[in-house]
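Engineer: The structure that follows is given in the form of structure tokens.
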2 protein chains.
Amino acid sequence: MTAMFAPRGSHEEIEEGAVFQPKFDRDGLIGAIVTDAKGVVLMFAHMNAEALAATIETGVAHFYSRSRAKLWKKGESSGHEMTVEELRVDCDQDALWLKVRVAGTGAACHTGRKSCFYRAVEGGAAGATRLRPVDDARLFDPKAVYKG
Amino acid sequence: MTAMFAPRGSHEEIEEGAVFQPKFDRDGLIGAIVTDAKGVVLMFAHMNAEALAATIETGVAHFYSRSRAKLWKKGESSGHEMTVEELRVDCDQDALWLKVRVAGTGAACHTGRKSCFYRAVEGGAAGATRLRPVDDARLFDPKAVYKG
């Protein structure tokens with residue numbers, strides 16, 4: 001599947017070139033950061049080559065579900081599809097950044113929140129950290145949306 | 001090293017609890033998204049438990065360099081240290097989001113750019129993609145900063 005994309009070139013080509021040469025890890029995956037247009041980080045997920053190709057071709061975010069081991073069109077069950085407004089790649093082409101517009105209630109998290117990052121880590125020592133809720137209002141009730 | 005943090009609890013505790021139970025992958029790493037206060041994604045890197053503990057304890061971002069296989073205090077060579085203004089964890093506690101303030105020129109990328117994500121992926125078919133530079137001005141000259 002990775003043959004859909006150009007093979008990795010030189011260090012210079014990867015960092016400064018105009019050819020997309022995404023690096024998939026040993027599991028065939030690349031990390032994808034998803035934000036809204038305002039820069040709120042909504043979620044972090046992985047894509048395989050098939051998911052990345054589907055995302056580019058349809059303009060709608062597709063990922064690879066590691067728990068279900070299959071292609072995952074985000075929002076398929078809940079109606080929260082993500083339209084990709086911009087897709088960026090980083091310097092060494094082993095991470096992606098998607099700016100998206102979320103359909104439905106605008107929630108990206110399966111818990112019903114807008115963002116999966118609804119808790120801040122507090123505390124000055126690693127062993128004494130606590131999580132503090134931040135922007136954790138639910139936009140939908142997951143029990144009503146995900147049945148069974 | 002992962003004993004610095006609480007062991008993983010139930011699904012409910014992980015998603016809704018106030019105890020930080022970060023999940024490290026089989027290499028002992030957790031992914032960390034780094035943005036500025038405005039939500040520009042600056043970089044994506046990995047932390048091991050030691051790097052995460054150092055980040056929490058000092059308030060300055062530390063990562064694990066996979067290429068050098070060691071703890072990496074970001075900015076150590078270039079002066080671009082990152083002060084952590086907020087650290088968040090996601091629903092399943094296997095990804096982190098750091099909002100930071102970058103010292104020096106404000107560049108987070110080793111190529112001299114503010115962000116590592118200085119190219120957008122364009123094109124409607126996976127095999128016909130091109131990279132278009134976006135916000136790719138260099139804030140420093142990497143050849144002058146990284147010597148040898």
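Order determines the names: the first chain of the structure tokens is A, the second B, and so forth; residues in each chain are numbered 1 upward, and ligands are numbered 1 upward as they are shown.
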Which residues come within 10 Å of Asp136 in chain A, counting only C-alpha atoms, excluding same-chain residues fewer than 6 positions away, as a ChimeraX atom specification?

Structural biologist: /A:111-119

Engineer: Excluding range 10-13 of chain B and any residue of its chain fewer than 4 positions from it, enumerate the residues within 12 Å of it, using only C-alpha atoms, and give them as a PDB file with all heavy atoms, in the first residue's frame.

Structural biologist:
```pdb
ATOM      1  N   THR A 111     -16.053  10.586  23.571  1.00  0.00           N
ATOM      2  CA  THR A 111     -16.710  10.806  24.866  1.00  0.00           C
ATOM      3  C   THR A 111     -17.764  11.914  24.767  1.00  0.00           C
ATOM      4  O   THR A 111     -18.411  12.238  25.762  1.00  0.00           O
ATOM      5  CB  THR A 111     -15.693  11.198  25.961  1.00  0.00           C
ATOM      6  OG1 THR A 111     -15.125  12.474  25.615  1.00  0.00           O
ATOM      7  CG2 THR A 111     -14.587  10.162  26.105  1.00  0.00           C
ATOM      8  N   LEU A 131      -5.152  15.439  37.199  1.00  0.00           N
ATOM      9  CA  LEU A 131      -5.761  15.932  35.973  1.00  0.00           C
ATOM     10  C   LEU A 131      -6.903  16.876  36.312  1.00  0.00           C
ATOM     11  O   LEU A 131      -7.745  16.551  37.145  1.00  0.00           O
ATOM     12  CB  LEU A 131      -6.277  14.764  35.128  1.00  0.00           C
ATOM     13  CG  LEU A 131      -5.218  13.751  34.699  1.00  0.00           C
ATOM     14  CD1 LEU A 131      -5.857  12.651  33.853  1.00  0.00           C
ATOM     15  CD2 LEU A 131      -4.083  14.422  33.935  1.00  0.00           C
TER      16      LEU A 131
ATOM     17  N   ALA B   6       1.307   6.590  37.550  1.00  0.00           N
ATOM     18  CA  ALA B   6       0.347   5.594  38.015  1.00  0.00           C
ATOM     19  C   ALA B   6       0.138   4.512  36.951  1.00  0.00           C
ATOM     20  O   ALA B   6       0.191   4.794  35.752  1.00  0.00           O
ATOM     21  CB  ALA B   6      -0.982   6.284  38.327  1.00  0.00           C
ATOM     22  N   GLY B  17     -11.193   9.923  34.847  1.00  0.00           N
ATOM     23  CA  GLY B  17     -10.562  10.111  36.145  1.00  0.00           C
ATOM     24  C   GLY B  17      -9.639  11.314  36.226  1.00  0.00           C
ATOM     25  O   GLY B  17      -9.353  11.984  35.236  1.00  0.00           O
ATOM     26  N   ALA B  18      -9.170  11.572  37.456  1.00  0.00           N
ATOM     27  CA  ALA B  18      -8.266  12.695  37.711  1.00  0.00           C
ATOM     28  C   ALA B  18      -6.837  12.210  37.954  1.00  0.00           C
ATOM     29  O   ALA B  18      -5.967  12.992  38.336  1.00  0.00           O
ATOM     30  CB  ALA B  18      -8.765  13.481  38.915  1.00  0.00           C
ATOM     31  N   VAL B  19      -6.610  10.910  37.732  1.00  0.00           N
ATOM     32  CA  VAL B  19      -5.259  10.366  37.931  1.00  0.00           C
ATOM     33  C   VAL B  19      -4.570  10.239  36.574  1.00  0.00           C
ATOM     34  O   VAL B  19      -5.127   9.663  35.636  1.00  0.00           O
ATOM     35  CB  VAL B  19      -5.315   8.991  38.633  1.00  0.00           C
ATOM     36  CG1 VAL B  19      -3.898   8.432  38.809  1.00  0.00           C
ATOM     37  CG2 VAL B  19      -6.016   9.107  39.979  1.00  0.00           C
ATOM     38  N   PHE B  20      -3.378  10.800  36.504  1.00  0.00           N
ATOM     39  CA  PHE B  20      -2.600  10.763  35.267  1.00  0.00           C
ATOM     40  C   PHE B  20      -1.991   9.367  35.123  1.00  0.00           C
ATOM     41  O   PHE B  20      -1.221   8.927  35.966  1.00  0.00           O
ATOM     42  CB  PHE B  20      -1.503  11.826  35.366  1.00  0.00           C
ATOM     43  CG  PHE B  20      -0.719  12.068  34.105  1.00  0.00           C
ATOM     44  CD1 PHE B  20      -1.306  11.986  32.849  1.00  0.00           C
ATOM     45  CD2 PHE B  20       0.623  12.416  34.188  1.00  0.00           C
ATOM     46  CE1 PHE B  20      -0.565  12.242  31.690  1.00  0.00           C
ATOM     47  CE2 PHE B  20       1.371  12.680  33.040  1.00  0.00           C
ATOM     48  CZ  PHE B  20       0.773  12.587  31.791  1.00  0.00           C
ATOM     49  N   GLN B  21      -2.409   8.677  34.053  1.00  0.00           N
ATOM     50  CA  GLN B  21      -1.980   7.291  33.822  1.00  0.00           C
ATOM     51  C   GLN B  21      -1.497   7.166  32.381  1.00  0.00           C
ATOM     52  O   GLN B  21      -2.102   6.466  31.569  1.00  0.00           O
ATOM     53  CB  GLN B  21      -3.155   6.336  34.057  1.00  0.00           C
ATOM     54  CG  GLN B  21      -3.842   6.538  35.402  1.00  0.00           C
ATOM     55  CD  GLN B  21      -5.065   5.652  35.595  1.00  0.00           C
ATOM     56  OE1 GLN B  21      -5.659   5.155  34.653  1.00  0.00           O
ATOM     57  NE2 GLN B  21      -5.434   5.438  36.850  1.00  0.00           N
ATOM     58  N   PRO B  22      -0.430   7.891  32.036  1.00  0.00           N
ATOM     59  CA  PRO B  22      -0.010   7.912  30.629  1.00  0.00           C
ATOM     60  C   PRO B  22       0.358   6.525  30.123  1.00  0.00           C
ATOM     61  O   PRO B  22       0.928   5.712  30.850  1.00  0.00           O
ATOM     62  CB  PRO B  22       1.215   8.837  30.647  1.00  0.00           C
ATOM     63  CG  PRO B  22       1.734   8.768  32.045  1.00  0.00           C
ATOM     64  CD  PRO B  22       0.515   8.600  32.915  1.00  0.00           C
ATOM     65  N   CYS B  91      -8.150  11.534  25.777  1.00  0.00           N
ATOM     66  CA  CYS B  91      -9.142  10.668  26.413  1.00  0.00           C
ATOM     67  C   CYS B  91      -8.557   9.333  26.871  1.00  0.00           C
ATOM     68  O   CYS B  91      -8.774   8.905  27.998  1.00  0.00           O
ATOM     69  CB  CYS B  91     -10.333  10.441  25.480  1.00  0.00           C
ATOM     70  SG  CYS B  91      -9.905  10.024  23.781  1.00  0.00           S
ATOM     71  N   ASP B  92      -7.805   8.671  25.993  1.00  0.00           N
ATOM     72  CA  ASP B  92      -7.247   7.373  26.397  1.00  0.00           C
ATOM     73  C   ASP B  92      -5.830   7.492  26.962  1.00  0.00           C
ATOM     74  O   ASP B  92      -5.171   6.473  27.203  1.00  0.00           O
ATOM     75  CB  ASP B  92      -7.348   6.324  25.271  1.00  0.00           C
ATOM     76  CG  ASP B  92      -6.865   6.853  23.949  1.00  0.00           C
ATOM     77  OD1 ASP B  92      -6.399   8.003  23.901  1.00  0.00           O
ATOM     78  OD2 ASP B  92      -6.939   6.121  22.950  1.00  0.00           O
ATOM     79  N   GLN B  93      -5.415   8.716  27.202  1.00  0.00           N
ATOM     80  CA  GLN B  93      -4.130   8.994  27.856  1.00  0.00           C
ATOM     81  C   GLN B  93      -2.940   8.350  27.131  1.00  0.00           C
ATOM     82  O   GLN B  93      -2.029   7.832  27.767  1.00  0.00           O
ATOM     83  CB  GLN B  93      -4.167   8.593  29.330  1.00  0.00           C
ATOM     84  CG  GLN B  93      -5.230   9.343  30.121  1.00  0.00           C
ATOM     85  CD  GLN B  93      -4.929   9.463  31.611  1.00  0.00           C
ATOM     86  OE1 GLN B  93      -3.772   9.565  32.012  1.00  0.00           O
ATOM     87  NE2 GLN B  93      -5.948   9.460  32.438  1.00  0.00           N
TER      88      GLN B  93
END
```

Engineer: Just fit chain A onto chain B on all the Cα atoms, in order, by least squares, and give it as a PDB file with C-alpha atoms, in the first residue's frame.

Structural biologist:
```
ATOM      1  CA  MET A   1      11.003   4.408  34.572  1.00  0.00           C
ATOM      2  CA  THR A   2       7.289   4.189  33.881  1.00  0.00           C
ATOM      3  CA  ALA A   3       6.841   3.512  37.624  1.00  0.00           C
ATOM      4  CA  MET A   4       7.073   7.297  38.004  1.00  0.00           C
ATOM      5  CA  PHE A   5       3.471   7.371  36.861  1.00  0.00           C
ATOM      6  CA  ALA A   6       0.329   5.589  38.027  1.00  0.00           C
ATOM      7  CA  PRO A   7      -0.420   2.215  36.442  1.00  0.00           C
ATOM      8  CA  ARG A   8      -3.256   2.074  33.925  1.00  0.00           C
ATOM      9  CA  GLY A   9      -6.645   1.715  35.586  1.00  0.00           C
ATOM     10  CA  SER A  10     -10.083   0.847  34.247  1.00  0.00           C
ATOM     11  CA  HIS A  11     -11.457   2.295  31.031  1.00  0.00           C
ATOM     12  CA  GLU A  12     -13.605   4.659  33.143  1.00  0.00           C
ATOM     13  CA  GLU A  13     -10.644   5.782  35.266  1.00  0.00           C
ATOM     14  CA  ILE A  14      -8.511   6.433  32.197  1.00  0.00           C
ATOM     15  CA  GLU A  15     -11.162   8.462  30.379  1.00  0.00           C
ATOM     16  CA  GLU A  16     -12.946  10.239  33.198  1.00  0.00           C
ATOM     17  CA  GLY A  17     -10.570  10.112  36.163  1.00  0.00           C
ATOM     18  CA  ALA A  18      -8.273  12.690  37.723  1.00  0.00           C
ATOM     19  CA  VAL A  19      -5.268  10.364  37.939  1.00  0.00           C
ATOM     20  CA  PHE A  20      -2.601  10.761  35.269  1.00  0.00           C
ATOM     21  CA  GLN A  21      -1.979   7.297  33.820  1.00  0.00           C
ATOM     22  CA  PRO A  22      -0.009   7.906  30.624  1.00  0.00           C
ATOM     23  CA  LYS A  23       0.289   4.998  28.242  1.00  0.00           C
ATOM     24  CA  PHE A  24       3.751   4.368  26.866  1.00  0.00           C
ATOM     25  CA  ASP A  25       3.991   2.224  23.741  1.00  0.00           C
ATOM     26  CA  ARG A  26       6.120  -0.886  23.323  1.00  0.00           C
ATOM     27  CA  ASP A  27       9.182   1.314  22.903  1.00  0.00           C
ATOM     28  CA  GLY A  28       8.353   3.140  26.136  1.00  0.00           C
ATOM     29  CA  LEU A  29       7.261   6.285  24.284  1.00  0.00           C
ATOM     30  CA  ILE A  30       4.246   8.585  24.160  1.00  0.00           C
ATOM     31  CA  GLY A  31       3.545  11.077  21.365  1.00  0.00           C
ATOM     32  CA  ALA A  32       3.622  14.793  22.172  1.00  0.00           C
ATOM     33  CA  ILE A  33       2.026  17.502  20.045  1.00  0.00           C
ATOM     34  CA  VAL A  34       3.600  20.912  20.588  1.00  0.00           C
ATOM     35  CA  THR A  35       1.737  24.119  19.730  1.00  0.00           C
ATOM     36  CA  ASP A  36       2.201  27.767  20.551  1.00  0.00           C
ATOM     37  CA  ALA A  37      -0.442  29.675  22.524  1.00  0.00           C
ATOM     38  CA  LYS A  38      -2.211  30.607  19.267  1.00  0.00           C
ATOM     39  CA  GLY A  39      -2.613  26.976  18.218  1.00  0.00           C
ATOM     40  CA  VAL A  40       0.054  26.805  15.526  1.00  0.00           C
ATOM     41  CA  VAL A  41       1.382  23.236  15.577  1.00  0.00           C
ATOM     42  CA  LEU A  42       5.130  23.642  16.014  1.00  0.00           C
ATOM     43  CA  MET A  43       6.337  20.049  16.128  1.00  0.00           C
ATOM     44  CA  PHE A  44       5.553  16.468  16.995  1.00  0.00           C
ATOM     45  CA  ALA A  45       7.964  14.408  19.071  1.00  0.00           C
ATOM     46  CA  HIS A  46       8.084  11.552  21.551  1.00  0.00           C
ATOM     47  CA  MET A  47       8.712  11.367  25.282  1.00  0.00           C
ATOM     48  CA  ASN A  48       9.755   8.468  27.431  1.00  0.00           C
ATOM     49  CA  ALA A  49       8.819   8.459  31.128  1.00  0.00           C
ATOM     50  CA  GLU A  50      12.052  10.221  32.041  1.00  0.00           C
ATOM     51  CA  ALA A  51      11.434  13.022  29.524  1.00  0.00           C
ATOM     52  CA  LEU A  52       7.835  13.406  30.658  1.00  0.00           C
ATOM     53  CA  ALA A  53       8.867  13.556  34.315  1.00  0.00           C
ATOM     54  CA  ALA A  54      11.586  16.117  33.519  1.00  0.00           C
ATOM     55  CA  THR A  55       9.060  18.210  31.583  1.00  0.00           C
ATOM     56  CA  ILE A  56       6.574  18.191  34.470  1.00  0.00           C
ATOM     57  CA  GLU A  57       9.223  18.882  37.103  1.00  0.00           C
ATOM     58  CA  THR A  58      11.074  21.679  35.316  1.00  0.00           C
ATOM     59  CA  GLY A  59       8.288  23.199  33.219  1.00  0.00           C
ATOM     60  CA  VAL A  60      10.608  23.021  30.209  1.00  0.00           C
ATOM     61  CA  ALA A  61       9.928  20.566  27.368  1.00  0.00           C
ATOM     62  CA  HIS A  62      12.089  17.445  27.266  1.00  0.00           C
ATOM     63  CA  PHE A  63      11.723  14.699  24.684  1.00  0.00           C
ATOM     64  CA  TYR A  64      13.324  11.404  23.823  1.00  0.00           C
ATOM     65  CA  SER A  65      15.444  11.524  20.694  1.00  0.00           C
ATOM     66  CA  ARG A  66      14.864   8.294  18.808  1.00  0.00           C
ATOM     67  CA  SER A  67      17.740   8.979  16.421  1.00  0.00           C
ATOM     68  CA  ARG A  68      20.221   9.680  19.220  1.00  0.00           C
ATOM     69  CA  ALA A  69      18.531   7.265  21.679  1.00  0.00           C
ATOM     70  CA  LYS A  70      18.717   9.669  24.594  1.00  0.00           C
ATOM     71  CA  LEU A  71      16.941  12.288  26.646  1.00  0.00           C
ATOM     72  CA  TRP A  72      16.691  15.485  24.662  1.00  0.00           C
ATOM     73  CA  LYS A  73      16.141  18.869  26.263  1.00  0.00           C
ATOM     74  CA  LYS A  74      14.700  20.775  23.332  1.00  0.00           C
ATOM     75  CA  GLY A  75      16.711  23.891  22.544  1.00  0.00           C
ATOM     76  CA  GLU A  76      19.827  22.676  24.325  1.00  0.00           C
ATOM     77  CA  SER A  77      22.036  23.337  21.274  1.00  0.00           C
ATOM     78  CA  SER A  78      20.109  26.152  19.617  1.00  0.00           C
ATOM     79  CA  GLY A  79      18.818  28.129  22.605  1.00  0.00           C
ATOM     80  CA  HIS A  80      15.205  27.533  21.608  1.00  0.00           C
ATOM     81  CA  GLU A  81      13.992  26.150  24.923  1.00  0.00           C
ATOM     82  CA  MET A  82      10.270  25.599  25.292  1.00  0.00           C
ATOM     83  CA  THR A  83       8.518  26.747  28.453  1.00  0.00           C
ATOM     84  CA  VAL A  84       5.372  24.692  28.960  1.00  0.00           C
ATOM     85  CA  GLU A  85       2.321  26.864  29.566  1.00  0.00           C
ATOM     86  CA  GLU A  86      -0.120  23.958  29.597  1.00  0.00           C
ATOM     87  CA  LEU A  87       0.161  20.190  29.328  1.00  0.00           C
ATOM     88  CA  ARG A  88      -2.902  18.202  28.354  1.00  0.00           C
ATOM     89  CA  VAL A  89      -3.590  14.503  27.906  1.00  0.00           C
ATOM     90  CA  ASP A  90      -6.173  12.916  25.643  1.00  0.00           C
ATOM     91  CA  CYS A  91      -9.131  10.664  26.420  1.00  0.00           C
ATOM     92  CA  ASP A  92      -7.248   7.375  26.407  1.00  0.00           C
ATOM     93  CA  GLN A  93      -4.124   8.991  27.842  1.00  0.00           C
ATOM     94  CA  ASP A  94      -1.832   7.908  25.038  1.00  0.00           C
ATOM     95  CA  ALA A  95      -1.090  11.334  23.545  1.00  0.00           C
ATOM     96  CA  LEU A  96       0.018  14.675  25.000  1.00  0.00           C
ATOM     97  CA  TRP A  97      -0.515  18.281  23.955  1.00  0.00           C
ATOM     98  CA  LEU A  98       1.956  20.903  25.134  1.00  0.00           C
ATOM     99  CA  LYS A  99       1.258  24.601  24.713  1.00  0.00           C
ATOM    100  CA  VAL A 100       4.624  26.283  24.849  1.00  0.00           C
ATOM    101  CA  ARG A 101       6.486  29.561  24.635  1.00  0.00           C
ATOM    102  CA  VAL A 102       9.661  29.198  22.570  1.00  0.00           C
ATOM    103  CA  ALA A 103      12.797  31.102  23.587  1.00  0.00           C
ATOM    104  CA  GLY A 104      15.269  32.810  21.252  1.00  0.00           C
ATOM    105  CA  THR A 105      13.997  33.435  17.733  1.00  0.00           C
ATOM    106  CA  GLY A 106      10.823  31.433  18.449  1.00  0.00           C
ATOM    107  CA  ALA A 107      11.738  28.760  15.926  1.00  0.00           C
ATOM    108  CA  ALA A 108      10.843  25.187  16.844  1.00  0.00           C
ATOM    109  CA  CYS A 109      12.200  23.435  13.744  1.00  0.00           C
ATOM    110  CA  HIS A 110      15.826  22.432  13.292  1.00  0.00           C
ATOM    111  CA  THR A 111      15.585  23.786   9.717  1.00  0.00           C
ATOM    112  CA  GLY A 112      15.220  27.274  11.205  1.00  0.00           C
ATOM    113  CA  ARG A 113      11.464  27.643  10.702  1.00  0.00           C
ATOM    114  CA  LYS A 114       8.950  28.536  13.383  1.00  0.00           C
ATOM    115  CA  SER A 115       7.063  25.272  12.790  1.00  0.00           C
ATOM    116  CA  CYS A 116       8.160  21.898  11.430  1.00  0.00           C
ATOM    117  CA  PHE A 117       4.926  21.896   9.407  1.00  0.00           C
ATOM    118  CA  TYR A 118       6.021  24.324   6.680  1.00  0.00           C
ATOM    119  CA  ARG A 119       4.591  22.426   3.700  1.00  0.00           C
ATOM    120  CA  ALA A 120       1.005  21.682   2.700  1.00  0.00           C
ATOM    121  CA  VAL A 121       0.089  18.543   0.762  1.00  0.00           C
ATOM    122  CA  GLU A 122      -1.800  19.439  -2.399  1.00  0.00           C
ATOM    123  CA  GLY A 123      -3.492  17.428  -5.121  1.00  0.00           C
ATOM    124  CA  GLY A 124      -6.576  15.333  -5.362  1.00  0.00           C
ATOM    125  CA  ALA A 125      -5.019  11.922  -5.970  1.00  0.00           C
ATOM    126  CA  ALA A 126      -2.606  10.171  -3.648  1.00  0.00           C
ATOM    127  CA  GLY A 127      -0.126   9.533  -6.455  1.00  0.00           C
ATOM    128  CA  ALA A 128      -0.214  13.118  -7.733  1.00  0.00           C
ATOM    129  CA  THR A 129       0.465  15.072  -4.581  1.00  0.00           C
ATOM    130  CA  ARG A 130       2.869  17.977  -4.349  1.00  0.00           C
ATOM    131  CA  LEU A 131       4.128  19.920  -1.388  1.00  0.00           C
ATOM    132  CA  ARG A 132       3.542  23.660  -1.308  1.00  0.00           C
ATOM    133  CA  PRO A 133       5.585  25.819   1.083  1.00  0.00           C
ATOM    134  CA  VAL A 134       3.498  27.591   3.749  1.00  0.00           C
ATOM    135  CA  ASP A 135       4.919  29.955   6.404  1.00  0.00           C
ATOM    136  CA  ASP A 136       8.377  28.623   5.592  1.00  0.00           C
ATOM    137  CA  ALA A 137      10.538  31.679   6.318  1.00  0.00           C
ATOM    138  CA  ARG A 138      13.656  30.773   8.280  1.00  0.00           C
ATOM    139  CA  LEU A 139      14.089  32.537  11.621  1.00  0.00           C
ATOM    140  CA  PHE A 140      17.649  31.312  11.965  1.00  0.00           C
ATOM    141  CA  ASP A 141      20.334  29.769   9.801  1.00  0.00           C
ATOM    142  CA  PRO A 142      20.713  26.127  10.846  1.00  0.00           C
ATOM    143  CA  LYS A 143      24.278  25.966   9.464  1.00  0.00           C
ATOM    144  CA  ALA A 144      25.324  28.773  11.800  1.00  0.00           C
ATOM    145  CA  VAL A 145      23.486  27.379  14.819  1.00  0.00           C
ATOM    146  CA  TYR A 146      24.252  23.669  14.609  1.00  0.00           C
ATOM    147  CA  LYS A 147      27.973  23.369  14.189  1.00  0.00           C
ATOM    148  CA  GLY A 148      29.432  19.957  13.499  1.00  0.00           C
TER     149      GLY A 148
END
```

Engineer: Running DSSP on the backbone, which parts of chain B land in strand (DSSP E or B), as a VMD selection string?

Structural biologist: chain B and resid 30 to 35 41 to 47 60 62 to 65 70 to 73 82 to 89 95 to 102 113 119 to 122 130 to 133 138

Engineer: DSSP says helix (DSSP H, G or I) for which residues of range 14-148 of chain B? Put them as a PyMOL selection string?

Structural biologist: chain B and resi 14-16+49-58+126-128+142-145
